[in-house]
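> Okay, here's the structure, questions in a sec.
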Amino acid sequence: MKIHAVAFASLIALTGSAGAAQIDWNTWTSTTAGSIATTGGPVGVAFSGPSVSVQTPYPSYMPASTFADGTIVANAPVNTNGIMQLTGGSDALNTVTFATAVVDPVMAIWSLGQGGINAQFAFTNATPIFVSGGPSNEYGGAPISVSGNTVFGAEGNGTVQFLGTYTSISWTNPVFENWYGFDVGIAGVAPAVPEPGTYALMLAGLSVVGFMARRRRRPQV
């Protein structure tokens, strides 16, 4: 019985990890740009807002379980992806824009706030869903928390997901702190929408197919 129970638990664990999305994480190249390498080619990432700088290679994004739960998100960023540094303290809008529409993007947030300072990411066009959280190798800390459209942290770390299709994600950082940072990732891009001319050709093709089918069904005299 005990062996069967262990085997069953292992099967559940494997099933959970198999369903997790493999994330292609953005690599920052400057305070305004980055790139996500995907199997279908690179997806450009643009950032606008009051950033401080980009640190790379940094941080460790470890322990990996802090940023990847293994059920929704399979893999954490790595230090070569880098981090966009923010200090917050204003109502200035920050925006990440993807070169093409992406599905269910994720954001890894590192060192948000500190003891006595509960810093925030207040999203304006997207609703974050908590995926994972915990301490960081660099400063310890605790999981980020999510309430409505806002992520909070007092030395908080973790990953959130935005369900849906997005070309951009915007937020404010109203609370000042020495610095905290983030990176973004995707599991896939949205299917291309055919141009109106393509729809017309498709309809014309369907009409021809229907006409030919009707001709074949005519009784022979």
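Each chain of the structure tokens is named A, B, ... in the order shown, its residues numbered from 1; ligands are numbered from 1 in display order.
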Any chance you could tabulate, as CSV, the residues of segment 13-132 of chain A at most 9 Å from segment 136-160 of chain A with each one's nearest atom pair and distance in Å to one decimal, using only C-alpha atoms, in chain and rising number order?

```
residue,atom,partner,partner_atom,distance
A:Pro59,CA,A:Glu138,CA,7.7
A:Ser60,CA,A:Asn137,CA,7.1
A:Tyr61,CA,A:Ser136,CA,6.9
A:Met62,CA,A:Asn137,CA,5.6
A:Pro63,CA,A:Ser136,CA,6.4
A:Ser65,CA,A:Gly158,CA,8.9
A:Thr66,CA,A:Gly158,CA,5.5
A:Phe67,CA,A:Gly158,CA,4.9
A:Ala68,CA,A:Thr159,CA,7.2
A:Asp69,CA,A:Thr159,CA,8.9
A:Val73,CA,A:Thr159,CA,8.7
A:Ala76,CA,A:Thr159,CA,8.8
A:Pro105,CA,A:Val160,CA,8.7
A:Val106,CA,A:Val160,CA,5.6
A:Met107,CA,A:Val160,CA,5.4
A:Ala108,CA,A:Thr159,CA,4.3
A:Ile109,CA,A:Gly158,CA,5.5
A:Trp110,CA,A:Asn157,CA,4.7
A:Ser111,CA,A:Glu155,CA,4.8
A:Leu112,CA,A:Gly156,CA,4.8
A:Gly113,CA,A:Ala154,CA,4.3
A:Gln114,CA,A:Glu155,CA,4.2
A:Gly115,CA,A:Ala154,CA,5.5
A:Gly116,CA,A:Ala154,CA,6.9
A:Ile117,CA,A:Ala154,CA,5.8
A:Asn118,CA,A:Ala154,CA,4.7
A:Ala119,CA,A:Gly153,CA,5.5
A:Gln120,CA,A:Phe152,CA,4.7
A:Phe121,CA,A:Val151,CA,5.1
A:Ala122,CA,A:Thr150,CA,4.4
A:Phe123,CA,A:Asn149,CA,5.4
A:Thr124,CA,A:Asn149,CA,7.3
A:Asn125,CA,A:Asn149,CA,8.6
A:Ala126,CA,A:Asn149,CA,7.0
A:Thr127,CA,A:Asn149,CA,4.9
A:Pro128,CA,A:Val160,CA,5.6
A:Ile129,CA,A:Val160,CA,5.2
A:Phe130,CA,A:Val160,CA,4.7
A:Val131,CA,A:Val160,CA,5.2
A:Ser132,CA,A:Gly158,CA,5.3
```
> I'd like the neighbourhood of segment 95-97 of chain A as a VMD selection string, where a residue qualifies if any of its atoms comes within 7 Å (using only C-alpha atoms), though same-chain residues fewer than 6 positions away should be ignored.
chain A and resid 45 to 49 167 to 171
> So that I can see what lies close to segment 16-30 of chain A, please list as JSON, numbers by chain the residues with an atom at most 9 Å from it, counting only C-alpha atoms and leaving out residues fewer than 3 positions away in the same chain.
{"A": [11, 12, 13, 33, 34, 35, 36, 37, 38, 43, 44, 45, 53, 54, 55, 56, 69, 70, 71, 72, 73, 74, 75, 76, 77, 78, 80, 81, 82, 83, 84, 105, 106, 183, 184, 185, 186, 187, 188]}
> Mind writing the picked residues with N, CA and C atoms as a JSON list (two decimals), in the first residue's frame?

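Final output, result-v3.json:
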```json
[["chain", "number", "residue", "atom", "x", "y", "z"],
["A", 11, "LEU", "N", 3.28, 10.36, -9.51],
["A", 11, "LEU", "CA", 2.56, 10.58, -10.77],
["A", 11, "LEU", "C", 1.88, 11.93, -10.77],
["A", 12, "ILE", "N", 1.27, 12.33, -9.64],
["A", 12, "ILE", "CA", 0.63, 13.64, -9.54],
["A", 12, "ILE", "C", 1.65, 14.75, -9.71],
["A", 13, "ALA", "N", 2.82, 14.59, -9.08],
["A", 13, "ALA", "CA", 3.87, 15.62, -9.19],
["A", 13, "ALA", "C", 4.33, 15.77, -10.62],
["A", 33, "ALA", "N", 15.04, 48.89, -23.82],
["A", 33, "ALA", "CA", 14.82, 47.80, -24.75],
["A", 33, "ALA", "C", 15.34, 46.47, -24.23],
["A", 34, "GLY", "N", 14.71, 45.42, -24.76],
["A", 34, "GLY", "CA", 15.15, 44.06, -24.49],
["A", 34, "GLY", "C", 14.67, 43.17, -25.61],
["A", 35, "SER", "N", 14.93, 41.86, -25.50],
["A", 35, "SER", "CA", 14.52, 40.93, -26.54],
["A", 35, "SER", "C", 14.24, 39.57, -25.92],
["A", 36, "ILE", "N", 13.17, 38.93, -26.41],
["A", 36, "ILE", "CA", 12.81, 37.59, -25.96],
["A", 36, "ILE", "C", 13.10, 36.62, -27.09],
["A", 37, "ALA", "N", 13.96, 35.65, -26.84],
["A", 37, "ALA", "CA", 14.26, 34.63, -27.84],
["A", 37, "ALA", "C", 13.20, 33.54, -27.77],
["A", 38, "THR", "N", 12.50, 33.30, -28.89],
["A", 38, "THR", "CA", 11.49, 32.24, -28.95],
["A", 38, "THR", "C", 11.81, 31.32, -30.12],
["A", 43, "VAL", "N", 11.24, 38.31, -30.07],
["A", 43, "VAL", "CA", 10.15, 39.26, -29.84],
["A", 43, "VAL", "C", 10.75, 40.46, -29.10],
["A", 44, "GLY", "N", 10.69, 41.63, -29.73],
["A", 44, "GLY", "CA", 11.24, 42.83, -29.13],
["A", 44, "GLY", "C", 10.41, 43.30, -27.95],
["A", 45, "VAL", "N", 11.09, 43.86, -26.95],
["A", 45, "VAL", "CA", 10.45, 44.42, -25.77],
["A", 45, "VAL", "C", 10.93, 45.85, -25.60],
["A", 53, "SER", "N", 18.47, 52.01, -14.00],
["A", 53, "SER", "CA", 19.46, 51.41, -14.89],
["A", 53, "SER", "C", 19.09, 49.94, -15.09],
["A", 54, "VAL", "N", 19.87, 49.27, -15.91],
["A", 54, "VAL", "CA", 19.75, 47.83, -16.08],
["A", 54, "VAL", "C", 20.97, 47.18, -15.47],
["A", 55, "GLN", "N", 20.75, 46.18, -14.64],
["A", 55, "GLN", "CA", 21.85, 45.42, -14.06],
["A", 55, "GLN", "C", 21.89, 44.04, -14.74],
["A", 56, "THR", "N", 23.03, 43.66, -15.27],
["A", 56, "THR", "CA", 23.20, 42.34, -15.87],
["A", 56, "THR", "C", 24.68, 41.97, -15.83],
["A", 69, "ASP", "N", 6.77, 28.16, -9.98],
["A", 69, "ASP", "CA", 6.10, 27.21, -9.09],
["A", 69, "ASP", "C", 6.10, 25.79, -9.61],
["A", 70, "GLY", "N", 6.46, 25.57, -10.89],
["A", 70, "GLY", "CA", 6.48, 24.24, -11.45],
["A", 70, "GLY", "C", 5.12, 23.73, -11.88],
["A", 71, "THR", "N", 4.07, 24.50, -11.62],
["A", 71, "THR", "CA", 2.73, 24.11, -12.02],
["A", 71, "THR", "C", 2.20, 25.02, -13.12],
["A", 72, "ILE", "N", 2.39, 26.33, -12.93],
["A", 72, "ILE", "CA", 1.99, 27.32, -13.94],
["A", 72, "ILE", "C", 3.20, 27.76, -14.75],
["A", 73, "VAL", "N", 4.27, 28.09, -14.03],
["A", 73, "VAL", "CA", 5.52, 28.56, -14.64],
["A", 73, "VAL", "C", 6.61, 27.53, -14.37],
["A", 74, "ALA", "N", 7.21, 27.01, -15.44],
["A", 74, "ALA", "CA", 8.17, 25.91, -15.30],
["A", 74, "ALA", "C", 9.56, 26.37, -14.93],
["A", 75, "ASN", "N", 9.96, 27.57, -15.34],
["A", 75, "ASN", "CA", 11.36, 27.97, -15.18],
["A", 75, "ASN", "C", 11.48, 29.44, -14.78],
["A", 76, "ALA", "N", 12.45, 29.72, -13.92],
["A", 76, "ALA", "CA", 12.72, 31.09, -13.47],
["A", 76, "ALA", "C", 13.63, 31.80, -14.48],
["A", 77, "PRO", "N", 13.68, 33.13, -14.42],
["A", 77, "PRO", "CA", 14.70, 33.83, -15.21],
["A", 77, "PRO", "C", 16.09, 33.42, -14.71],
["A", 78, "VAL", "N", 17.11, 33.79, -15.47],
["A", 78, "VAL", "CA", 18.49, 33.58, -15.04],
["A", 78, "VAL", "C", 19.20, 34.93, -14.98],
["A", 80, "THR", "N", 21.62, 36.21, -16.46],
["A", 80, "THR", "CA", 21.99, 36.86, -17.72],
["A", 80, "THR", "C", 20.82, 37.60, -18.37],
["A", 81, "ASN", "N", 19.59, 37.31, -17.92],
["A", 81, "ASN", "CA", 18.44, 38.09, -18.40],
["A", 81, "ASN", "C", 18.49, 39.51, -17.87],
["A", 82, "GLY", "N", 19.15, 39.70, -16.72],
["A", 82, "GLY", "CA", 19.27, 41.03, -16.14],
["A", 82, "GLY", "C", 17.99, 41.48, -15.46],
["A", 83, "ILE", "N", 18.01, 42.72, -14.98],
["A", 83, "ILE", "CA", 16.87, 43.27, -14.26],
["A", 83, "ILE", "C", 16.77, 44.77, -14.52],
["A", 84, "MET", "N", 15.55, 45.24, -14.72],
["A", 84, "MET", "CA", 15.28, 46.67, -14.88],
["A", 84, "MET", "C", 15.09, 47.26, -13.49],
["A", 105, "PRO", "N", 1.31, 36.71, -20.47],
["A", 105, "PRO", "CA", 2.68, 37.05, -20.07],
["A", 105, "PRO", "C", 2.86, 36.98, -18.56],
["A", 106, "VAL", "N", 4.12, 36.87, -18.13],
["A", 106, "VAL", "CA", 4.45, 36.81, -16.70],
["A", 106, "VAL", "C", 5.48, 37.89, -16.38],
["A", 183, "ASP", "N", 11.57, 41.60, -14.48],
["A", 183, "ASP", "CA", 11.76, 41.14, -15.85],
["A", 183, "ASP", "C", 10.43, 40.55, -16.30],
["A", 184, "VAL", "N", 10.25, 40.41, -17.61],
["A", 184, "VAL", "CA", 9.01, 39.85, -18.15],
["A", 184, "VAL", "C", 9.34, 38.63, -19.00],
["A", 185, "GLY", "N", 8.33, 37.77, -19.17],
["A", 185, "GLY", "CA", 8.50, 36.58, -19.98],
["A", 185, "GLY", "C", 7.19, 36.17, -20.62],
["A", 186, "ILE", "N", 7.27, 35.29, -21.62],
["A", 186, "ILE", "CA", 6.07, 34.84, -22.32],
["A", 186, "ILE", "C", 6.17, 33.34, -22.58],
["A", 187, "ALA", "N", 5.01, 32.71, -22.74],
["A", 187, "ALA", "CA", 4.96, 31.30, -23.13],
["A", 187, "ALA", "C", 4.61, 31.14, -24.60],
["A", 188, "GLY", "N", 4.16, 32.22, -25.23],
["A", 188, "GLY", "CA", 3.82, 32.15, -26.64],
["A", 188, "GLY", "C", 3.25, 33.47, -27.14]]
```
> Please return, as a ChimeraX atom specification, all residues of segment 55-218 of chain A that DSSP assigns to strand (DSSP E or B) on the basis of the backbone.
/A:55,73,83-86,94-103,106-112,114,117,119-123,129-133,136,140,142-143,145-147,150-153,156-161,165-172,180-186,189
> Give me a file of those residues, with C-alpha atoms, as a tab-separated table (two decimals), in the first residue's frame.

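Output file part.tsv follows:
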```tsv
chain	number	residue	atom	x	y	z
A	55	GLN	CA	21.85	45.42	-14.06
A	73	VAL	CA	5.52	28.56	-14.64
A	83	ILE	CA	16.87	43.27	-14.26
A	84	MET	CA	15.28	46.67	-14.88
A	85	GLN	CA	15.90	48.81	-11.79
A	86	LEU	CA	13.14	51.09	-10.47
A	94	ASN	CA	5.72	52.62	-16.67
A	95	THR	CA	4.93	50.57	-19.77
A	96	VAL	CA	6.34	47.38	-21.25
A	97	THR	CA	5.41	47.00	-24.92
A	98	PHE	CA	5.79	43.76	-26.88
A	99	ALA	CA	6.58	43.88	-30.59
A	100	THR	CA	3.77	41.40	-31.20
A	101	ALA	CA	0.72	40.38	-29.19
A	102	VAL	CA	1.58	37.80	-26.51
A	103	VAL	CA	-0.57	35.40	-24.51
A	106	VAL	CA	4.45	36.81	-16.70
A	107	MET	CA	6.50	39.24	-14.62
A	108	ALA	CA	9.23	38.34	-12.13
A	109	ILE	CA	9.58	40.97	-9.39
A	110	TRP	CA	12.69	41.11	-7.20
A	111	SER	CA	13.35	42.87	-3.87
A	112	LEU	CA	10.13	44.91	-3.84
A	114	GLN	CA	12.03	46.51	2.48
A	117	ILE	CA	8.42	50.04	3.36
A	119	ALA	CA	6.34	49.12	-2.09
A	120	GLN	CA	3.89	48.53	-4.94
A	121	PHE	CA	3.31	47.79	-8.60
A	122	ALA	CA	-0.14	49.28	-9.29
A	123	PHE	CA	-1.21	47.97	-12.71
A	129	ILE	CA	-2.41	36.71	-10.62
A	130	PHE	CA	0.00	35.35	-8.01
A	131	VAL	CA	2.11	32.44	-9.27
A	132	SER	CA	4.95	32.01	-6.78
A	133	GLY	CA	7.00	33.86	-4.21
A	136	SER	CA	15.86	35.70	-2.62
A	140	GLY	CA	16.07	36.87	1.90
A	142	ALA	CA	9.18	36.97	1.68
A	143	PRO	CA	6.66	36.34	-1.11
A	145	SER	CA	1.31	39.61	-2.32
A	146	VAL	CA	-1.47	40.51	-4.74
A	147	SER	CA	-4.64	42.49	-4.03
A	150	THR	CA	-1.71	45.82	-7.14
A	151	VAL	CA	1.36	43.79	-6.14
A	152	PHE	CA	2.85	44.56	-2.71
A	153	GLY	CA	6.17	43.68	-1.12
A	156	GLY	CA	9.08	40.77	-1.61
A	157	ASN	CA	9.99	38.46	-4.46
A	158	GLY	CA	7.96	36.37	-6.86
A	159	THR	CA	6.16	36.02	-10.16
A	160	VAL	CA	2.72	37.11	-11.35
A	161	GLN	CA	0.83	36.24	-14.51
A	165	THR	CA	-3.61	38.66	-24.88
A	166	TYR	CA	-1.47	41.79	-24.49
A	167	THR	CA	0.64	44.12	-26.56
A	168	SER	CA	1.56	46.23	-23.51
A	169	ILE	CA	1.36	46.23	-19.71
A	170	SER	CA	1.35	49.49	-17.71
A	171	TRP	CA	1.64	50.36	-14.04
A	172	THR	CA	2.83	52.94	-11.52
A	180	TYR	CA	13.61	47.06	-6.83
A	181	GLY	CA	13.30	45.51	-10.25
A	182	PHE	CA	11.57	43.19	-12.69
A	183	ASP	CA	11.76	41.14	-15.85
A	184	VAL	CA	9.01	39.85	-18.15
A	185	GLY	CA	8.50	36.58	-19.98
A	186	ILE	CA	6.07	34.84	-22.32
A	189	VAL	CA	2.61	34.80	-29.06
```
> Find the distance between atom CA of Gly134 of chain A and atom CA of Leu163 of chain A and write it in Å to one decimal.
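Value for the atom CA of Gly134 of chain A-atom CA of Leu163 of chain A distance: 21.9 Å.
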> For atom CA of Asp104 of chain A and atom CA of Phe162 of chain A, quote the distance in Å rounded to one decimal.
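The value is 5.2 Å.
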> Which of segment 67-200 of chain A end up as helix (DSSP H, G or I) when DSSP is run on this backbone - answer as a ChimeraX atom specification?
/A:67,79-81,196-200
> Expressed in Å to a single decimal, how great is the separation between atom CA of Ala64 of chain A and atom CA of Phe176 of chain A?
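Atom-to-atom, atom CA of Ala64 of chain A to atom CA of Phe176 of chain A, that is 27.0 Å.
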